[in-house]
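model24.pdb follows (PDB, C-alpha atoms, pLDDT in the B column):
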```pdb
MODEL        1
ATOM      1  CA  MET A 134       0.000   0.000   0.000  1.00 48.00           C
ATOM      2  CA  ILE A 135       2.822   2.417   0.903  1.00 45.00           C
ATOM      3  CA  SER A 136       4.663   1.625  -2.335  1.00 48.00           C
ATOM      4  CA  TYR A 137       1.477   2.205  -4.306  1.00 47.00           C
ATOM      5  CA  ARG A 138       0.952   5.631  -2.677  1.00 51.00           C
ATOM      6  CA  ILE A 139       4.576   6.650  -3.334  1.00 46.00           C
ATOM      7  CA  LEU A 140       4.259   5.564  -6.963  1.00 43.00           C
ATOM      8  CA  ASN A 141       0.982   7.472  -7.306  1.00 49.00           C
ATOM      9  CA  ARG A 142       2.492  10.673  -5.900  1.00 51.00           C
ATOM     10  CA  THR A 143       5.533  10.324  -8.157  1.00 46.00           C
ATOM     11  CA  ILE A 144       3.309  10.029 -11.228  1.00 45.00           C
ATOM     12  CA  LEU A 145       1.292  13.097 -10.157  1.00 46.00           C
ATOM     13  CA  ILE A 146       4.463  15.177  -9.584  1.00 45.00           C
ATOM     14  CA  VAL A 147       5.966  14.174 -12.934  1.00 41.00           C
ATOM     15  CA  THR A 148       2.684  14.909 -14.727  1.00 45.00           C
ATOM     16  CA  PHE A 149       2.383  18.329 -13.046  1.00 43.00           C
ATOM     17  CA  PHE A 150       5.889  19.428 -14.051  1.00 41.00           C
ATOM     18  CA  SER A 151       5.436  18.082 -17.588  1.00 43.00           C
ATOM     19  CA  LEU A 152       2.277  20.156 -18.004  1.00 42.00           C
ATOM     20  CA  PHE A 153       3.951  23.197 -16.408  1.00 39.00           C
ATOM     21  CA  ILE A 154       6.843  23.039 -18.862  1.00 36.00           C
ATOM     22  CA  ALA A 155       4.574  22.364 -21.834  1.00 39.00           C
ATOM     23  CA  PHE A 156       2.317  25.348 -21.201  1.00 38.00           C
ATOM     24  CA  SER A 157       4.860  27.821 -19.873  1.00 37.00           C
ATOM     25  CA  PRO A 158       5.606  30.696 -22.274  1.00 38.00           C
ATOM     26  CA  THR A 159       8.956  30.361 -23.998  1.00 36.00           C
ATOM     27  CA  PRO A 160      11.300  33.255 -23.176  1.00 35.00           C
ATOM     28  CA  LYS A 161      12.013  35.330 -26.274  1.00 36.00           C
ATOM     29  CA  ASN A 162      15.778  35.261 -25.951  1.00 35.00           C
ATOM     30  CA  ASP A 163      16.495  31.711 -24.796  1.00 30.00           C
ATOM     31  CA  SER A 164      16.884  30.331 -28.306  1.00 29.00           C
ATOM     32  CA  ILE A 165      19.323  32.286 -30.401  1.00 31.00           C
ATOM     33  CA  GLU A 166      20.539  31.174 -33.797  1.00 32.00           C
ATOM     34  CA  PHE A 167      23.924  32.461 -34.810  1.00 33.00           C
ATOM     35  CA  TYR A 168      27.027  31.363 -36.576  1.00 30.00           C
ATOM     36  CA  PHE A 169      30.587  32.527 -37.033  1.00 30.00           C
ATOM     37  CA  SER A 170      32.299  33.104 -40.347  1.00 31.00           C
ATOM     38  CA  LYS A 171      34.420  35.866 -41.863  1.00 33.00           C
ATOM     39  CA  GLU A 172      31.379  38.091 -41.509  1.00 36.00           C
ATOM     40  CA  ILE A 173      29.201  37.579 -38.480  1.00 39.00           C
ATOM     41  CA  LEU A 174      25.511  37.611 -39.278  1.00 38.00           C
ATOM     42  CA  ASN A 175      22.071  37.367 -37.733  1.00 40.00           C
ATOM     43  CA  TYR A 176      22.696  38.445 -34.171  1.00 40.00           C
ATOM     44  CA  ASN A 177      19.337  39.689 -33.010  1.00 40.00           C
ATOM     45  CA  PHE A 178      18.632  39.732 -29.291  1.00 38.00           C
ATOM     46  CA  ASP A 179      17.863  42.148 -26.496  1.00 36.00           C
ATOM     47  CA  VAL A 180      20.742  41.457 -24.109  1.00 36.00           C
ATOM     48  CA  ILE A 181      23.505  43.482 -25.661  1.00 37.00           C
ATOM     49  CA  LYS A 182      26.617  43.515 -23.511  1.00 39.00           C
ATOM     50  CA  VAL A 183      27.068  40.265 -21.611  1.00 39.00           C
ATOM     51  CA  VAL A 184      29.682  40.816 -18.922  1.00 41.00           C
ATOM     52  CA  ALA A 185      29.920  37.178 -17.844  1.00 44.00           C
ATOM     53  CA  PRO A 186      28.867  33.878 -19.401  1.00 46.00           C
ATOM     54  CA  ASP A 187      25.563  32.648 -18.028  1.00 49.00           C
ATOM     55  CA  PRO A 188      25.277  28.835 -17.874  1.00 51.00           C
ATOM     56  CA  ASN A 189      21.473  29.115 -17.792  1.00 56.00           C
ATOM     57  CA  THR A 190      21.183  30.750 -21.219  1.00 51.00           C
ATOM     58  CA  LYS A 191      22.503  30.285 -24.724  1.00 48.00           C
ATOM     59  CA  LEU A 192      23.767  33.853 -24.980  1.00 48.00           C
ATOM     60  CA  PRO A 193      27.321  34.163 -26.298  1.00 51.00           C
ATOM     61  CA  PHE A 194      30.017  35.856 -24.256  1.00 53.00           C
ATOM     62  CA  LEU A 195      30.296  39.211 -26.015  1.00 64.00           C
ATOM     63  CA  GLU A 196      32.069  41.598 -23.623  1.00 77.00           C
ATOM     64  CA  ASN A 197      33.186  44.573 -25.731  1.00 89.00           C
ATOM     65  CA  SER A 198      33.613  42.780 -29.074  1.00 93.00           C
ATOM     66  CA  TYR A 199      32.715  44.042 -32.539  1.00 95.00           C
ATOM     67  CA  VAL A 200      29.541  41.958 -32.359  1.00 95.00           C
ATOM     68  CA  ALA A 201      28.621  43.598 -29.056  1.00 95.00           C
ATOM     69  CA  PHE A 202      29.275  46.982 -30.672  1.00 97.00           C
ATOM     70  CA  LYS A 203      27.038  46.413 -33.682  1.00 97.00           C
ATOM     71  CA  GLU A 204      24.288  44.792 -31.648  1.00 96.00           C
ATOM     72  CA  ALA A 205      24.294  47.613 -29.101  1.00 96.00           C
ATOM     73  CA  LEU A 206      24.048  50.107 -31.946  1.00 97.00           C
ATOM     74  CA  ALA A 207      21.307  48.095 -33.657  1.00 97.00           C
ATOM     75  CA  PHE A 208      19.324  47.917 -30.438  1.00 96.00           C
ATOM     76  CA  LYS A 209      19.491  51.698 -30.090  1.00 95.00           C
ATOM     77  CA  GLU A 210      18.519  52.221 -33.723  1.00 96.00           C
ATOM     78  CA  SER A 211      15.660  49.730 -34.088  1.00 96.00           C
ATOM     79  CA  ARG A 212      15.644  47.389 -31.088  1.00 95.00           C
ATOM     80  CA  GLY A 213      17.428  44.980 -33.434  1.00 96.00           C
ATOM     81  CA  ARG A 214      14.534  44.553 -35.874  1.00 96.00           C
ATOM     82  CA  TYR A 215      15.435  43.866 -39.486  1.00 97.00           C
ATOM     83  CA  ASN A 216      11.990  44.947 -40.746  1.00 96.00           C
ATOM     84  CA  ALA A 217      11.927  48.295 -38.923  1.00 96.00           C
ATOM     85  CA  VAL A 218      11.068  51.467 -40.857  1.00 96.00           C
ATOM     86  CA  ASN A 219      10.961  54.717 -38.906  1.00 95.00           C
ATOM     87  CA  THR A 220       8.805  57.788 -39.493  1.00 92.00           C
ATOM     88  CA  PHE A 221      11.517  59.362 -41.676  1.00 93.00           C
ATOM     89  CA  GLY A 222      11.911  56.302 -43.898  1.00 93.00           C
ATOM     90  CA  TYR A 223      15.116  54.944 -42.418  1.00 96.00           C
ATOM     91  CA  LEU A 224      15.318  51.220 -42.935  1.00 97.00           C
ATOM     92  CA  GLY A 225      16.195  48.007 -41.183  1.00 97.00           C
ATOM     93  CA  LYS A 226      18.071  46.882 -38.139  1.00 98.00           C
ATOM     94  CA  PHE A 227      20.655  49.677 -38.428  1.00 98.00           C
ATOM     95  CA  GLN A 228      18.271  52.336 -39.811  1.00 97.00           C
ATOM     96  CA  PHE A 229      19.990  53.145 -43.083  1.00 97.00           C
ATOM     97  CA  GLY A 230      18.909  56.090 -45.209  1.00 95.00           C
ATOM     98  CA  SER A 231      18.366  55.526 -48.924  1.00 95.00           C
ATOM     99  CA  SER A 232      21.224  57.889 -49.872  1.00 95.00           C
ATOM    100  CA  THR A 233      23.741  55.914 -47.802  1.00 96.00           C
ATOM    101  CA  LEU A 234      22.491  52.667 -49.319  1.00 97.00           C
ATOM    102  CA  LYS A 235      22.955  54.087 -52.818  1.00 96.00           C
ATOM    103  CA  THR A 236      26.510  55.044 -51.899  1.00 94.00           C
ATOM    104  CA  LEU A 237      27.050  51.403 -50.973  1.00 95.00           C
ATOM    105  CA  GLY A 238      25.522  50.263 -54.282  1.00 95.00           C
ATOM    106  CA  ILE A 239      22.166  49.140 -52.870  1.00 96.00           C
ATOM    107  CA  TYR A 240      19.201  50.467 -54.850  1.00 96.00           C
ATOM    108  CA  ASN A 241      16.457  47.922 -54.193  1.00 97.00           C
ATOM    109  CA  LEU A 242      15.113  49.065 -50.812  1.00 96.00           C
ATOM    110  CA  ASN A 243      12.509  46.306 -50.588  1.00 96.00           C
ATOM    111  CA  LEU A 244      15.163  43.657 -51.143  1.00 96.00           C
ATOM    112  CA  PHE A 245      17.359  45.314 -48.518  1.00 97.00           C
ATOM    113  CA  LEU A 246      14.556  45.433 -45.949  1.00 96.00           C
ATOM    114  CA  ASN A 247      13.811  41.741 -46.417  1.00 96.00           C
ATOM    115  CA  SER A 248      17.400  40.505 -46.332  1.00 97.00           C
ATOM    116  CA  PRO A 249      19.029  40.262 -42.879  1.00 97.00           C
ATOM    117  CA  GLU A 250      22.256  39.077 -44.497  1.00 96.00           C
ATOM    118  CA  LEU A 251      22.411  42.117 -46.781  1.00 97.00           C
ATOM    119  CA  GLN A 252      21.728  44.451 -43.857  1.00 97.00           C
ATOM    120  CA  GLU A 253      24.571  42.936 -41.831  1.00 97.00           C
ATOM    121  CA  LYS A 254      26.956  43.186 -44.780  1.00 97.00           C
ATOM    122  CA  ALA A 255      25.887  46.769 -45.481  1.00 97.00           C
ATOM    123  CA  PHE A 256      26.577  47.747 -41.871  1.00 98.00           C
ATOM    124  CA  LEU A 257      30.075  46.277 -41.952  1.00 97.00           C
ATOM    125  CA  ALA A 258      30.820  47.842 -45.345  1.00 98.00           C
ATOM    126  CA  ASN A 259      29.591  51.258 -44.213  1.00 98.00           C
ATOM    127  CA  THR A 260      31.593  51.029 -40.991  1.00 98.00           C
ATOM    128  CA  LYS A 261      34.721  50.153 -42.984  1.00 98.00           C
ATOM    129  CA  ARG A 262      34.098  53.153 -45.223  1.00 98.00           C
ATOM    130  CA  ASN A 263      33.543  55.463 -42.246  1.00 98.00           C
ATOM    131  CA  LYS A 264      36.708  54.189 -40.596  1.00 98.00           C
ATOM    132  CA  TRP A 265      38.660  54.970 -43.769  1.00 98.00           C
ATOM    133  CA  LYS A 266      37.186  58.487 -43.924  1.00 98.00           C
ATOM    134  CA  LEU A 267      37.928  59.111 -40.243  1.00 98.00           C
ATOM    135  CA  THR A 268      41.360  57.495 -39.904  1.00 98.00           C
ATOM    136  CA  LEU A 269      43.109  60.812 -39.216  1.00 98.00           C
ATOM    137  CA  GLU A 270      40.523  61.794 -36.601  1.00 98.00           C
ATOM    138  CA  ILE A 271      40.707  58.382 -34.928  1.00 98.00           C
ATOM    139  CA  ASN A 272      44.481  58.664 -34.655  1.00 98.00           C
ATOM    140  CA  ARG A 273      44.384  62.274 -33.487  1.00 98.00           C
ATOM    141  CA  PHE A 274      41.488  62.347 -31.034  1.00 98.00           C
ATOM    142  CA  THR A 275      41.294  58.855 -29.496  1.00 98.00           C
ATOM    143  CA  GLY A 276      41.975  59.202 -25.776  1.00 97.00           C
ATOM    144  CA  SER A 277      41.190  62.914 -25.633  1.00 97.00           C
ATOM    145  CA  GLU A 278      38.226  64.298 -23.710  1.00 97.00           C
ATOM    146  CA  ILE A 279      35.482  66.294 -25.440  1.00 97.00           C
ATOM    147  CA  ASN A 280      32.359  67.509 -23.664  1.00 94.00           C
ATOM    148  CA  GLY A 281      33.261  65.344 -20.681  1.00 95.00           C
ATOM    149  CA  VAL A 282      33.507  62.155 -22.786  1.00 96.00           C
ATOM    150  CA  ILE A 283      36.673  60.191 -23.550  1.00 97.00           C
ATOM    151  CA  VAL A 284      36.868  59.770 -27.314  1.00 98.00           C
ATOM    152  CA  THR A 285      37.280  56.178 -28.534  1.00 98.00           C
ATOM    153  CA  GLU A 286      37.371  54.588 -31.959  1.00 98.00           C
ATOM    154  CA  SER A 287      34.056  52.822 -31.423  1.00 98.00           C
ATOM    155  CA  GLY A 288      32.457  56.066 -30.257  1.00 98.00           C
ATOM    156  CA  ILE A 289      33.662  57.789 -33.422  1.00 98.00           C
ATOM    157  CA  LEU A 290      32.371  54.990 -35.664  1.00 98.00           C
ATOM    158  CA  ALA A 291      28.994  54.893 -33.934  1.00 98.00           C
ATOM    159  CA  SER A 292      28.712  58.668 -34.256  1.00 97.00           C
ATOM    160  CA  ALA A 293      29.539  58.409 -37.960  1.00 98.00           C
ATOM    161  CA  HIS A 294      26.676  55.953 -38.345  1.00 97.00           C
ATOM    162  CA  LEU A 295      24.373  58.485 -36.703  1.00 95.00           C
ATOM    163  CA  ALA A 296      25.577  61.701 -38.286  1.00 96.00           C
ATOM    164  CA  GLY A 297      27.866  60.822 -41.186  1.00 96.00           C
ATOM    165  CA  PRO A 298      31.676  61.122 -41.163  1.00 97.00           C
ATOM    166  CA  GLY A 299      31.622  64.782 -42.251  1.00 97.00           C
ATOM    167  CA  ASN A 300      29.643  65.886 -39.191  1.00 97.00           C
ATOM    168  CA  VAL A 301      31.866  63.796 -36.924  1.00 98.00           C
ATOM    169  CA  LYS A 302      34.944  65.524 -38.353  1.00 98.00           C
ATOM    170  CA  ARG A 303      33.390  68.921 -37.626  1.00 97.00           C
ATOM    171  CA  TYR A 304      32.478  67.834 -34.110  1.00 97.00           C
ATOM    172  CA  LEU A 305      35.971  66.585 -33.296  1.00 98.00           C
ATOM    173  CA  ARG A 306      37.882  69.395 -34.955  1.00 97.00           C
ATOM    174  CA  SER A 307      35.758  71.974 -33.128  1.00 97.00           C
ATOM    175  CA  TYR A 308      36.256  70.066 -29.866  1.00 96.00           C
ATOM    176  CA  GLY A 309      32.524  69.538 -29.540  1.00 96.00           C
ATOM    177  CA  SER A 310      31.327  73.078 -30.228  1.00 95.00           C
ATOM    178  CA  LYS A 311      29.798  72.007 -33.566  1.00 94.00           C
ATOM    179  CA  ASP A 312      27.554  69.159 -32.561  1.00 93.00           C
ATOM    180  CA  PHE A 313      24.929  67.462 -34.695  1.00 92.00           C
ATOM    181  CA  LYS A 314      21.413  66.286 -33.812  1.00 89.00           C
ATOM    182  CA  ASP A 315      19.323  63.892 -35.837  1.00 86.00           C
ATOM    183  CA  ALA A 316      15.595  64.345 -36.429  1.00 81.00           C
ATOM    184  CA  TYR A 317      14.816  62.789 -33.033  1.00 87.00           C
ATOM    185  CA  GLY A 318      17.241  65.045 -31.147  1.00 90.00           C
ATOM    186  CA  THR A 319      20.039  62.508 -30.629  1.00 92.00           C
ATOM    187  CA  ASP A 320      23.459  64.128 -30.844  1.00 95.00           C
ATOM    188  CA  ILE A 321      27.033  63.062 -31.479  1.00 96.00           C
ATOM    189  CA  SER A 322      28.040  63.633 -27.849  1.00 96.00           C
ATOM    190  CA  TYR A 323      25.489  61.032 -26.752  1.00 95.00           C
ATOM    191  CA  TYR A 324      26.708  58.410 -29.233  1.00 96.00           C
ATOM    192  CA  MET A 325      30.339  59.168 -28.355  1.00 97.00           C
ATOM    193  CA  HIS A 326      29.517  58.328 -24.747  1.00 96.00           C
ATOM    194  CA  LYS A 327      27.070  55.461 -25.243  1.00 96.00           C
ATOM    195  CA  PHE A 328      29.237  53.457 -27.634  1.00 97.00           C
ATOM    196  CA  ALA A 329      32.657  54.160 -26.157  1.00 96.00           C
ATOM    197  CA  GLY A 330      35.141  51.415 -25.383  1.00 94.00           C
ATOM    198  CA  PHE A 331      34.131  48.634 -27.767  1.00 96.00           C
ATOM    199  CA  ASP A 332      36.843  46.783 -29.666  1.00 96.00           C
ATOM    200  CA  THR A 333      36.349  47.697 -33.336  1.00 97.00           C
ATOM    201  CA  SER A 334      39.794  46.581 -34.503  1.00 95.00           C
ATOM    202  CA  PHE A 335      37.946  43.880 -36.492  1.00 93.00           C
ATOM    203  CA  VAL A 336      36.841  46.653 -38.883  1.00 97.00           C
ATOM    204  CA  THR A 337      39.447  47.401 -41.550  1.00 97.00           C
ATOM    205  CA  PRO A 338      39.372  50.891 -43.122  1.00 98.00           C
ATOM    206  CA  GLU A 339      38.435  50.619 -46.800  1.00 97.00           C
ATOM    207  CA  LYS A 340      37.669  53.357 -49.315  1.00 96.00           C
ATOM    208  CA  LYS A 341      35.414  51.165 -51.420  1.00 93.00           C
ATOM    209  CA  PRO A 342      34.455  48.103 -49.373  1.00 94.00           C
ATOM    210  CA  SER A 343      32.977  45.215 -51.289  1.00 85.00           C
ATOM    211  CA  PHE A 344      30.208  42.908 -50.152  1.00 79.00           C
TER     212      PHE A 344
ENDMDL
END
```
Will you turn the file into structure tokens for me?
Amino acid sequence: MISYRILNRTILIVTFFSLFIAFSPTPKNDSIEFYFSKEILNYNFDVIKVVAPDPNTKLPFLENSYVAFKEALAFKESRGRYNAVNTFGYLGKFQFGSSTLKTLGIYNLNLFLNSPELQEKAFLANTKRNKWKLTLEINRFTGSEINGVIVTESGILASAHLAGPGNVKRYLRSYGSKDFKDAYGTDISYYMHKFAGFDTSFVTPEKKPSF
């Protein structure tokens, strides 16, 4: 009789937990598909800068890597959504304008919006181009303090994504007196601070980067 009761309780407990697991909502960020190659693609999750590996999740250990940099920037731009279009017509995960895309040789905006791989490649290509345009400024101003913010390469590159390399040059050469604000009021000083200290050495400066 005792063995029967123990068996009965065991079955009830196992059944309860099976049903609990089956009907519990799946956390959005527990299952993340990603892969590594020469160009890292399809990182799309809310936790941006992981400071320590968590054995209870499948999140990669990012620290201050290039991937952490681009994902942090993407989260600020669109919350990491490839299909995002803002009120001013900026497109995709990294919120590209059509003029920048044309500079990169991308003319089919619908194709761009529906291709995560193309968006990732466009971001890397544009960052390479910005790094080439801003090489002198990176060498000259990295480590200096402007408007209370220590200038870093990643801060410069993030600011160039926001404002374009020309506006970043003006900002740095004027020591912050000529700032730039986008249509939503975000300025270069904010991006310089928010995206400082990432390791963007992965990005090679190229005048005409290819996809």
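Here CA of Gly222 in chain A and CA of Ser287 in chain A stand 25.7 Å from one another.
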* Exercise: Gly318 in chain A partners within 12 Å, all atoms listed in the file, chain neighbours under 5 positions left out, as a PyMOL selection string -> chain A and resi 295-296+312-313+323-324
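Going from CA of Gly288 in chain A over to CA of Ser211 in chain A, you cover 18.4 Å.
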* **Proximity to Ala291 in chain A - best of A:Phe229, A:Phe208, A:Phe274, A:Phe328, all atoms listed in the file** => A:Phe328
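Atom pair CA of Pro298 in chain A / CA of Ser310 in chain A has a distance of 16.2 Å (rounded to one decimal).
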* Shortest interatomic distance to Leu244 in chain A - which of A:Tyr215, A:Phe256, A:Phe227, A:Phe335, counting only C-alpha atoms -> A:Tyr215
Mind telling me what the PyMOL selection byres ((chain A and resi 207) around 12) catches here, as a PDB file with C-alpha atoms, in the coordinates of the input?
```pdb
ATOM      1  CA  ASN A 175      22.071  37.367 -37.733  1.00 40.00           C
ATOM      2  CA  TYR A 176      22.696  38.445 -34.171  1.00 40.00           C
ATOM      3  CA  ASN A 177      19.337  39.689 -33.010  1.00 40.00           C
ATOM      4  CA  PHE A 178      18.632  39.732 -29.291  1.00 38.00           C
ATOM      5  CA  ASP A 179      17.863  42.148 -26.496  1.00 36.00           C
ATOM      6  CA  VAL A 180      20.742  41.457 -24.109  1.00 36.00           C
ATOM      7  CA  ILE A 181      23.505  43.482 -25.661  1.00 37.00           C
ATOM      8  CA  VAL A 200      29.541  41.958 -32.359  1.00 95.00           C
ATOM      9  CA  ALA A 201      28.621  43.598 -29.056  1.00 95.00           C
ATOM     10  CA  PHE A 202      29.275  46.982 -30.672  1.00 97.00           C
ATOM     11  CA  LYS A 203      27.038  46.413 -33.682  1.00 97.00           C
ATOM     12  CA  GLU A 204      24.288  44.792 -31.648  1.00 96.00           C
ATOM     13  CA  ALA A 205      24.294  47.613 -29.101  1.00 96.00           C
ATOM     14  CA  LEU A 206      24.048  50.107 -31.946  1.00 97.00           C
ATOM     15  CA  PHE A 208      19.324  47.917 -30.438  1.00 96.00           C
ATOM     16  CA  LYS A 209      19.491  51.698 -30.090  1.00 95.00           C
ATOM     17  CA  GLU A 210      18.519  52.221 -33.723  1.00 96.00           C
ATOM     18  CA  SER A 211      15.660  49.730 -34.088  1.00 96.00           C
ATOM     19  CA  ARG A 212      15.644  47.389 -31.088  1.00 95.00           C
ATOM     20  CA  GLY A 213      17.428  44.980 -33.434  1.00 96.00           C
ATOM     21  CA  ARG A 214      14.534  44.553 -35.874  1.00 96.00           C
ATOM     22  CA  TYR A 215      15.435  43.866 -39.486  1.00 97.00           C
ATOM     23  CA  ALA A 217      11.927  48.295 -38.923  1.00 96.00           C
ATOM     24  CA  LEU A 224      15.318  51.220 -42.935  1.00 97.00           C
ATOM     25  CA  GLY A 225      16.195  48.007 -41.183  1.00 97.00           C
ATOM     26  CA  LYS A 226      18.071  46.882 -38.139  1.00 98.00           C
ATOM     27  CA  PHE A 227      20.655  49.677 -38.428  1.00 98.00           C
ATOM     28  CA  GLN A 228      18.271  52.336 -39.811  1.00 97.00           C
ATOM     29  CA  PHE A 229      19.990  53.145 -43.083  1.00 97.00           C
ATOM     30  CA  GLN A 252      21.728  44.451 -43.857  1.00 97.00           C
ATOM     31  CA  GLU A 253      24.571  42.936 -41.831  1.00 97.00           C
ATOM     32  CA  PHE A 256      26.577  47.747 -41.871  1.00 98.00           C
ATOM     33  CA  ALA A 291      28.994  54.893 -33.934  1.00 98.00           C
ATOM     34  CA  HIS A 294      26.676  55.953 -38.345  1.00 97.00           C
ATOM     35  CA  LEU A 295      24.373  58.485 -36.703  1.00 95.00           C
ATOM     36  CA  PHE A 328      29.237  53.457 -27.634  1.00 97.00           C
TER      37      PHE A 328
END
```
Produce the centre coordinates and the three edge lengths, each in Å to one decimal, of the box along x, y and z that contains all listed atoms of range 279-288 of chain A with 8 Å added on each side, as lines of an AutoDock Vina configuration file.
```
center_x = 34.9
center_y = 60.2
center_z = -26.3
size_x = 21.0
size_y = 30.7
size_z = 27.3
```
* **Output check: residues returned by the PyMOL selection byres ((chain A and resi 286) around 10), as a PyMOL selection string** => chain A and resi 264+267-268+270-272+274-276+284-285+287-292+325+328-334
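Distances to Arg262 in chain A were evaluated for A:Val301, A:Ile321, A:Leu237, A:Ile283 using only C-alpha atoms, and the minimum falls at A:Leu237.
Using the PyMOL selection byres ((chain A and resi 254) around 12) on this structure selects Lys171, Glu172, Ile173, Leu174, Asn175, Lys203, Lys226, Phe227, Leu234, Leu237, Gly238, Ile239, Phe245, Ser248, Pro249, Glu250, Leu251, Gln252, Glu253, Ala255, Phe256, Leu257, Ala258, Asn259, Thr260, Lys261, Pro342, Ser343 and Phe344 of chain A.
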* To do: Identify which of the residues A:Lys340, A:Arg306, A:Gly299, A:Asn243 lies closest to Arg273 in chain A, counting only C-alpha atoms when measuring atom-to-atom distances.
  => A:Arg306
* Restricting the calculation to only C-alpha atoms, which member of A:Ser198, A:Asn263, A:Asn216, A:Asn300 is positioned closest to Leu242 in chain A? -> A:Asn216
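Each of A:Ala316, A:Val218, A:Leu305, A:Leu246 was checked against Val282 in chain A using all atoms listed in the file; the smallest atom-to-atom distance is that of A:Leu305.
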